[in-house]
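Trainee: Take this structure, written in structure tokens, and hold onto it; I'll ask about it next.
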Amino acid sequence: MRTAGLTMNDVWAHRVLRERGVETYRLEGVTAELGVMVESLDLKHRGKEENYRPYLHMTGELRSVTPAKALPFGISQVTYSPGQGEKVDVFYEFDDQQLVVLASKGYFTSGFAVPEQVTGIEWELPATADMLMLAPSGVQTEDDAPVVFTQIHGIGGLEIDLESSGYDLAGYFADHSKDGVPRTEAVVDARGLKARSDAINSLFTEDELGLDTEVKQIVGAPVPEAAPVVDGMSARLQQIEAEIAAEREQYQTERASTEGTTENLYRERVAAPLHRAEEQKVPFAPPVPAREAQRDLNLDLDLELEEQEQETRRREVKPVPSLDELKRQVAQRAADLDFGEAYEESLGS
């Protein structure tokens, strides 16, 4: 039996989970087959670390979920009306043999393009899903049917290939190898013509070869030099690098405009004040070179140490007493000595 489905992020799904006394069935990790209406197909490439390996990026809308085994109450398929299903992103990886096929079909030519006949049709793709089923009421009526909520694992990044999906997408590409002369062959011909028309230059000098006789350079008839031809592979790689740079810039722009991300915080709290300060042309003192700063610091330390030393000397040097003061001190000392002797004699008597 087929029935219309709802997504797990629907408000009714949370309400069903909170309700008590309602008969529900929760299934997790159900192996299923998705019906996806493919809307677009683009040929993308990995990064430089993966040697720009090509892959296909498909986008579409979820139209049906068919579990491998029938669900409770005889449910065999959950369907979605156009515009009601979730958006699906699929990444198709080519194996080595498929890449050979693409190269033989003119992958490195300018006319190579993705097939258009694979869009606008429904694809059957493997996936796993979690399901929540609300049992029908006890009163059996014609319109009474279970309600099914679904949640597809990784619906925003499904990864498939020939083995998992059964689709050999390399066979859908048209053969562009005969659309004119490939650029790689044109480069080979041009290089061969240039090598035959130019003078022959040995890799070794005459001394290294041990030749005693002079070697006369043979110059043929003048032949116009072939126009430089851009290497096909290099042009293709440059195009791929430009596409990847554009995708990376678009991603960084989206991250910078998304609130709460690191890029957004940097743009709002760091970059914006710097831009405002630059626009207002706020003057700032130029940085002092390290050597001049160290020299000034040493000079300040020397002055401070010299001041401390002079202060210490002033404290240690005492004023020279006058002649009257010296006489007074001597008389006081003699009086002290006489008083000591008289005191000793009185003790002896």
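Please note that chains go A, B, ... in the order of the structure tokens, that every chain numbers its residues from 1, and that ligands are numbered from 1 in the order shown.
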For Asn264 in chain A, please output as a list in words all residues within 12 Å (counting only C-alpha atoms; exclusion window: fewer than 5 positions along the same chain).

Mentor: Gln252, Thr253, Glu254, Arg255, Ala256, Ser257, Thr258, Glu259, Arg269, Val270, Ala271 and Ala272 of chain A

Trainee: Those residues with N, CA, C and O atoms, as a PDB file, in the first residue's frame please?

Mentor:
ATOM      1  N   GLN A 252      33.035  31.095   1.068  1.00  0.00           N
ATOM      2  CA  GLN A 252      33.506  32.003   2.113  1.00  0.00           C
ATOM      3  C   GLN A 252      32.581  33.197   2.267  1.00  0.00           C
ATOM      4  O   GLN A 252      32.347  33.678   3.385  1.00  0.00           O
ATOM      5  N   THR A 253      32.029  33.684   1.151  1.00  0.00           N
ATOM      6  CA  THR A 253      31.080  34.798   1.228  1.00  0.00           C
ATOM      7  C   THR A 253      29.822  34.387   1.974  1.00  0.00           C
ATOM      8  O   THR A 253      29.304  35.145   2.813  1.00  0.00           O
ATOM      9  N   GLU A 254      29.316  33.182   1.697  1.00  0.00           N
ATOM     10  CA  GLU A 254      28.133  32.699   2.408  1.00  0.00           C
ATOM     11  C   GLU A 254      28.430  32.513   3.885  1.00  0.00           C
ATOM     12  O   GLU A 254      27.599  32.839   4.740  1.00  0.00           O
ATOM     13  N   ARG A 255      29.608  32.000   4.209  1.00  0.00           N
ATOM     14  CA  ARG A 255      29.983  31.825   5.616  1.00  0.00           C
ATOM     15  C   ARG A 255      30.094  33.177   6.324  1.00  0.00           C
ATOM     16  O   ARG A 255      29.700  33.312   7.480  1.00  0.00           O
ATOM     17  N   ALA A 256      30.641  34.176   5.628  1.00  0.00           N
ATOM     18  CA  ALA A 256      30.802  35.490   6.242  1.00  0.00           C
ATOM     19  C   ALA A 256      29.460  36.166   6.498  1.00  0.00           C
ATOM     20  O   ALA A 256      29.325  36.958   7.431  1.00  0.00           O
ATOM     21  N   SER A 257      28.456  35.841   5.687  1.00  0.00           N
ATOM     22  CA  SER A 257      27.134  36.449   5.876  1.00  0.00           C
ATOM     23  C   SER A 257      26.240  35.646   6.803  1.00  0.00           C
ATOM     24  O   SER A 257      25.148  36.092   7.144  1.00  0.00           O
ATOM     25  N   THR A 258      26.689  34.457   7.229  1.00  0.00           N
ATOM     26  CA  THR A 258      25.904  33.621   8.140  1.00  0.00           C
ATOM     27  C   THR A 258      26.260  33.975   9.575  1.00  0.00           C
ATOM     28  O   THR A 258      27.421  33.895   9.982  1.00  0.00           O
ATOM     29  N   GLU A 259      25.281  34.356  10.350  1.00  0.00           N
ATOM     30  CA  GLU A 259      25.510  34.792  11.726  1.00  0.00           C
ATOM     31  C   GLU A 259      25.968  33.624  12.592  1.00  0.00           C
ATOM     32  O   GLU A 259      25.409  32.523  12.523  1.00  0.00           O
ATOM     33  N   ARG A 269      33.622  41.975  13.763  1.00  0.00           N
ATOM     34  CA  ARG A 269      34.327  42.484  14.940  1.00  0.00           C
ATOM     35  C   ARG A 269      35.779  42.876  14.687  1.00  0.00           C
ATOM     36  O   ARG A 269      36.374  43.591  15.476  1.00  0.00           O
ATOM     37  N   VAL A 270      36.373  42.383  13.619  1.00  0.00           N
ATOM     38  CA  VAL A 270      37.780  42.678  13.356  1.00  0.00           C
ATOM     39  C   VAL A 270      37.940  43.484  12.077  1.00  0.00           C
ATOM     40  O   VAL A 270      38.495  44.581  12.073  1.00  0.00           O
ATOM     41  N   ALA A 271      37.417  42.929  10.978  1.00  0.00           N
ATOM     42  CA  ALA A 271      37.626  43.590   9.693  1.00  0.00           C
ATOM     43  C   ALA A 271      36.887  44.920   9.604  1.00  0.00           C
ATOM     44  O   ALA A 271      37.426  45.905   9.097  1.00  0.00           O
ATOM     45  N   ALA A 272      35.628  44.951  10.109  1.00  0.00           N
ATOM     46  CA  ALA A 272      34.839  46.185   9.992  1.00  0.00           C
ATOM     47  C   ALA A 272      35.487  47.356  10.728  1.00  0.00           C
ATOM     48  O   ALA A 272      35.624  48.456  10.169  1.00  0.00           O
TER      49      ALA A 272
END

Trainee: Find the spatial neighbours of range 40-46 of chain A, counting only C-alpha atoms, within a cut-off of 8 Å - ignore same-chain residues fewer than 4 positions away - and output them as a ChimeraX atom specification.

Mentor: /A:50-60,114,118-119,240,244

Trainee: Based on the selection just made, write all heavy atoms of those residues as a short mmCIF file (atom, residue, chain, number, x, y, z; two decimals), in the first residue's frame.

Mentor:
data_model
loop_
_atom_site.label_atom_id
_atom_site.label_comp_id
_atom_site.auth_asym_id
_atom_site.auth_seq_id
_atom_site.Cartn_x
_atom_site.Cartn_y
_atom_site.Cartn_z
N GLU A 50 43.78 15.93 -4.79
CA GLU A 50 43.20 14.75 -5.42
C GLU A 50 43.33 14.81 -6.94
O GLU A 50 42.60 14.12 -7.66
CB GLU A 50 41.73 14.60 -5.04
CG GLU A 50 41.50 14.39 -3.55
CD GLU A 50 40.04 14.13 -3.21
OE1 GLU A 50 39.39 13.38 -3.97
OE2 GLU A 50 39.56 14.65 -2.21
N ASN A 51 44.25 15.66 -7.41
CA ASN A 51 44.57 15.75 -8.83
C ASN A 51 43.36 16.15 -9.66
O ASN A 51 43.19 15.73 -10.79
CB ASN A 51 45.15 14.42 -9.34
CG ASN A 51 45.95 14.60 -10.62
OD1 ASN A 51 46.42 15.69 -10.90
ND2 ASN A 51 46.10 13.54 -11.39
N TYR A 52 42.48 16.98 -9.06
CA TYR A 52 41.30 17.52 -9.75
C TYR A 52 40.43 16.40 -10.34
O TYR A 52 39.95 16.49 -11.46
CB TYR A 52 41.72 18.50 -10.86
CG TYR A 52 42.60 19.62 -10.37
CD1 TYR A 52 43.96 19.62 -10.61
CD2 TYR A 52 42.05 20.67 -9.63
CE1 TYR A 52 44.77 20.66 -10.14
CE2 TYR A 52 42.85 21.70 -9.16
CZ TYR A 52 44.20 21.70 -9.42
OH TYR A 52 44.99 22.72 -8.96
N ARG A 53 40.23 15.37 -9.58
CA ARG A 53 39.42 14.23 -10.04
C ARG A 53 37.98 14.69 -10.27
O ARG A 53 37.36 15.30 -9.41
CB ARG A 53 39.45 13.11 -9.01
CG ARG A 53 38.82 11.80 -9.48
CD ARG A 53 38.88 10.74 -8.40
NE ARG A 53 38.36 9.47 -8.86
CZ ARG A 53 39.09 8.53 -9.43
NH1 ARG A 53 40.39 8.72 -9.58
NH2 ARG A 53 38.54 7.39 -9.83
N PRO A 54 37.39 14.39 -11.43
CA PRO A 54 36.03 14.86 -11.73
C PRO A 54 34.97 14.03 -11.02
O PRO A 54 35.17 12.85 -10.72
CB PRO A 54 35.94 14.70 -13.25
CG PRO A 54 36.88 13.58 -13.57
CD PRO A 54 38.01 13.71 -12.58
N TYR A 55 33.83 14.66 -10.76
CA TYR A 55 32.66 13.98 -10.21
C TYR A 55 31.42 14.76 -10.64
O TYR A 55 31.51 15.88 -11.14
CB TYR A 55 32.74 13.90 -8.68
CG TYR A 55 32.65 15.22 -7.97
CD1 TYR A 55 31.44 15.72 -7.51
CD2 TYR A 55 33.79 16.00 -7.76
CE1 TYR A 55 31.36 16.95 -6.85
CE2 TYR A 55 33.71 17.22 -7.12
CZ TYR A 55 32.50 17.69 -6.67
OH TYR A 55 32.42 18.89 -6.03
N LEU A 56 30.26 14.16 -10.45
CA LEU A 56 29.00 14.79 -10.84
C LEU A 56 28.22 15.21 -9.60
O LEU A 56 28.14 14.45 -8.62
CB LEU A 56 28.15 13.81 -11.66
CG LEU A 56 28.63 13.52 -13.08
CD1 LEU A 56 27.74 12.47 -13.74
CD2 LEU A 56 28.66 14.78 -13.93
N HIS A 57 27.67 16.40 -9.66
CA HIS A 57 26.82 16.91 -8.57
C HIS A 57 25.40 17.04 -9.11
O HIS A 57 25.14 17.84 -10.02
CB HIS A 57 27.34 18.26 -8.09
CG HIS A 57 26.48 18.87 -7.02
ND1 HIS A 57 26.38 20.23 -6.83
CD2 HIS A 57 25.67 18.29 -6.08
CE1 HIS A 57 25.54 20.46 -5.83
NE2 HIS A 57 25.11 19.30 -5.37
N MET A 58 24.49 16.27 -8.53
CA MET A 58 23.10 16.28 -8.95
C MET A 58 22.23 16.88 -7.84
O MET A 58 22.47 16.61 -6.65
CB MET A 58 22.61 14.87 -9.27
CG MET A 58 23.27 14.25 -10.48
SD MET A 58 22.68 12.57 -10.78
CE MET A 58 23.49 11.70 -9.43
N THR A 59 21.27 17.67 -8.22
CA THR A 59 20.30 18.22 -7.27
C THR A 59 18.91 17.87 -7.76
O THR A 59 18.65 17.81 -8.97
CB THR A 59 20.43 19.74 -7.16
OG1 THR A 59 20.23 20.34 -8.44
CG2 THR A 59 21.81 20.12 -6.63
N GLY A 60 18.03 17.62 -6.82
CA GLY A 60 16.66 17.26 -7.19
C GLY A 60 15.73 17.32 -6.00
O GLY A 60 16.07 17.85 -4.93
N VAL A 114 28.16 17.90 -20.05
CA VAL A 114 27.37 16.87 -19.37
C VAL A 114 26.13 16.54 -20.20
O VAL A 114 25.62 17.40 -20.93
CB VAL A 114 26.95 17.34 -17.96
CG1 VAL A 114 28.17 17.53 -17.09
CG2 VAL A 114 26.16 18.64 -18.04
N VAL A 118 19.64 13.22 -18.83
CA VAL A 118 19.51 12.61 -17.51
C VAL A 118 18.78 13.52 -16.53
O VAL A 118 18.53 13.12 -15.39
CB VAL A 118 20.91 12.24 -16.94
CG1 VAL A 118 21.59 11.21 -17.81
CG2 VAL A 118 21.77 13.48 -16.81
N THR A 119 18.46 14.74 -16.92
CA THR A 119 17.72 15.65 -16.05
C THR A 119 16.25 15.63 -16.44
O THR A 119 15.89 15.29 -17.57
CB THR A 119 18.27 17.08 -16.15
OG1 THR A 119 18.21 17.51 -17.52
CG2 THR A 119 19.72 17.13 -15.68
N ILE A 240 39.78 24.54 -14.42
CA ILE A 240 39.28 23.85 -13.23
C ILE A 240 39.67 24.62 -11.97
O ILE A 240 38.86 24.78 -11.04
CB ILE A 240 39.83 22.42 -13.19
CG1 ILE A 240 39.24 21.59 -14.34
CG2 ILE A 240 39.52 21.74 -11.85
CD1 ILE A 240 39.88 20.24 -14.51
N ILE A 244 37.18 26.13 -9.13
CA ILE A 244 37.30 25.80 -7.70
C ILE A 244 37.49 27.07 -6.89
O ILE A 244 36.91 27.23 -5.80
CB ILE A 244 38.48 24.83 -7.49
CG1 ILE A 244 38.15 23.48 -8.15
CG2 ILE A 244 38.76 24.63 -6.01
CD1 ILE A 244 39.29 22.50 -8.09
#

Trainee: Apply DSSP to the backbone of this structure and, from range 16-108 of chain A, keep only the residues in helix (DSSP H, G or I); write these as a PyMOL selection string.

Mentor: chain A and resi 16-18+48-50+72-74+96-104

Trainee: Find the spatial neighbours of Glu122 in chain A, counting only C-alpha atoms, within a cut-off of 10 Å - ignore same-chain residues fewer than 5 positions away - and output them as a tab-separated table (two decimals) with all heavy atoms, in the first residue's frame.

Mentor:
chain	number	residue	atom	x	y	z
A	34	LEU	N	15.29	5.71	-2.84
A	34	LEU	CA	14.68	7.02	-3.00
A	34	LEU	C	14.32	7.27	-4.45
A	34	LEU	O	15.09	6.92	-5.36
A	34	LEU	CB	15.63	8.12	-2.52
A	34	LEU	CG	16.22	8.01	-1.13
A	34	LEU	CD1	17.10	9.21	-0.84
A	34	LEU	CD2	15.14	7.87	-0.08
A	35	GLY	N	13.17	7.88	-4.65
A	35	GLY	CA	12.81	8.38	-5.97
A	35	GLY	C	13.07	9.87	-6.01
A	35	GLY	O	12.38	10.64	-5.34
A	36	VAL	N	14.06	10.29	-6.77
A	36	VAL	CA	14.50	11.69	-6.81
A	36	VAL	C	14.30	12.24	-8.20
A	36	VAL	O	14.81	11.68	-9.19
A	36	VAL	CB	15.97	11.83	-6.39
A	36	VAL	CG1	16.41	13.28	-6.43
A	36	VAL	CG2	16.19	11.26	-4.99
A	37	MET	N	13.56	13.32	-8.30
A	37	MET	CA	13.40	14.02	-9.58
A	37	MET	C	14.61	14.93	-9.77
A	37	MET	O	14.75	15.95	-9.11
A	37	MET	CB	12.11	14.83	-9.58
A	37	MET	CG	11.90	15.63	-10.85
A	37	MET	SD	11.75	14.60	-12.34
A	37	MET	CE	10.15	13.81	-12.01
A	38	VAL	N	15.51	14.53	-10.69
A	38	VAL	CA	16.76	15.26	-10.91
A	38	VAL	C	16.47	16.54	-11.68
A	38	VAL	O	15.86	16.52	-12.75
A	38	VAL	CB	17.78	14.39	-11.67
A	38	VAL	CG1	19.05	15.18	-11.95
A	38	VAL	CG2	18.10	13.13	-10.87
A	39	GLU	N	16.89	17.65	-11.10
A	39	GLU	CA	16.64	18.96	-11.71
A	39	GLU	C	17.88	19.54	-12.39
A	39	GLU	O	17.77	20.27	-13.36
A	39	GLU	CB	16.14	19.93	-10.64
A	39	GLU	CG	14.83	19.48	-9.99
A	39	GLU	CD	14.46	20.36	-8.81
A	39	GLU	OE1	15.31	21.17	-8.39
A	39	GLU	OE2	13.33	20.23	-8.30
A	60	GLY	N	18.03	17.62	-6.82
A	60	GLY	CA	16.66	17.26	-7.19
A	60	GLY	C	15.73	17.32	-6.00
A	60	GLY	O	16.07	17.85	-4.93
A	61	GLU	N	14.54	16.76	-6.17
A	61	GLU	CA	13.50	16.78	-5.14
A	61	GLU	C	13.06	15.36	-4.83
A	61	GLU	O	12.89	14.53	-5.74
A	61	GLU	CB	12.31	17.60	-5.61
A	61	GLU	CG	11.21	17.73	-4.56
A	61	GLU	CD	10.00	18.49	-5.09
A	61	GLU	OE1	10.04	18.94	-6.24
A	61	GLU	OE2	9.02	18.62	-4.34
A	62	LEU	N	12.88	15.07	-3.55
A	62	LEU	CA	12.45	13.75	-3.13
A	62	LEU	C	10.98	13.54	-3.49
A	62	LEU	O	10.13	14.35	-3.14
A	62	LEU	CB	12.66	13.61	-1.61
A	62	LEU	CG	12.27	12.26	-0.99
A	62	LEU	CD1	13.16	11.15	-1.54
A	62	LEU	CD2	12.37	12.32	0.53
A	63	ARG	N	10.72	12.42	-4.20
A	63	ARG	CA	9.36	12.12	-4.61
A	63	ARG	C	8.80	10.86	-3.94
A	63	ARG	O	7.58	10.73	-3.78
A	63	ARG	CB	9.29	11.96	-6.14
A	63	ARG	CG	9.53	13.27	-6.89
A	63	ARG	CD	8.39	14.25	-6.63
A	63	ARG	NE	8.62	15.54	-7.27
A	63	ARG	CZ	8.30	15.80	-8.52
A	63	ARG	NH1	7.75	14.85	-9.29
A	63	ARG	NH2	8.52	16.99	-9.02
A	64	SER	N	9.68	9.93	-3.55
A	64	SER	CA	9.18	8.71	-2.93
A	64	SER	C	10.28	8.04	-2.13
A	64	SER	O	11.47	8.25	-2.37
A	64	SER	CB	8.64	7.73	-3.99
A	64	SER	OG	9.70	7.29	-4.83

Trainee: Nearest to Thr7 in chain A: which of A:Tyr80, A:Tyr167, A:Phe149, A:Phe112 is it, counting only C-alpha atoms?

Mentor: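 Looking only at the distances to Thr7 in chain A, the closest residue turns out to be A:Phe149.
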
Trainee: Have a look at A:Gly47, A:Pro67, A:Gly171, A:Pro273 and name the one nearest to Met131 in chain A; count only C-alpha atoms.

Mentor: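 Closest to Met131 in chain A, using only C-alpha atoms: A:Pro67.
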
Trainee: Between A:Val148, A:Thr128, A:Trp123, A:Leu158, which has the minimum distance to Val90 in chain A (counting only C-alpha atoms)?

Mentor: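 Looking only at the distances to Val90 in chain A, the closest residue turns out to be A:Leu158.
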
Trainee: Grab the CA of Thr109 in chain A to CA of Ser234 in chain A distance for me, in Å with one decimal place.

Mentor: 11.8 Å

Trainee: So the first atom is CA of Leu27 in chain A and the second is CA of Tyr92 in chain A; what is the distance between them in Å, to one decimal place?

Mentor: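 We find that CA of Leu27 in chain A and CA of Tyr92 in chain A lie 27.8 Å from each other.
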
Trainee: May I ask for the distance between CA of Ala174 in chain A and CA of Val101 in chain A, given in Å to one decimal place?

Mentor: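 Interatomic distance here is 10.8 Å.
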
Trainee: Let me make sure I understand: among A:Gln308, A:Gln97, A:Thr150, A:Ser165, which one has the smallest atom-to-atom distance to Met133 in chain A if we use only C-alpha atoms?

Mentor: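 Between A:Gln308, A:Gln97, A:Thr150, A:Ser165, the residue approaching Met133 in chain A most closely is A:Thr150.
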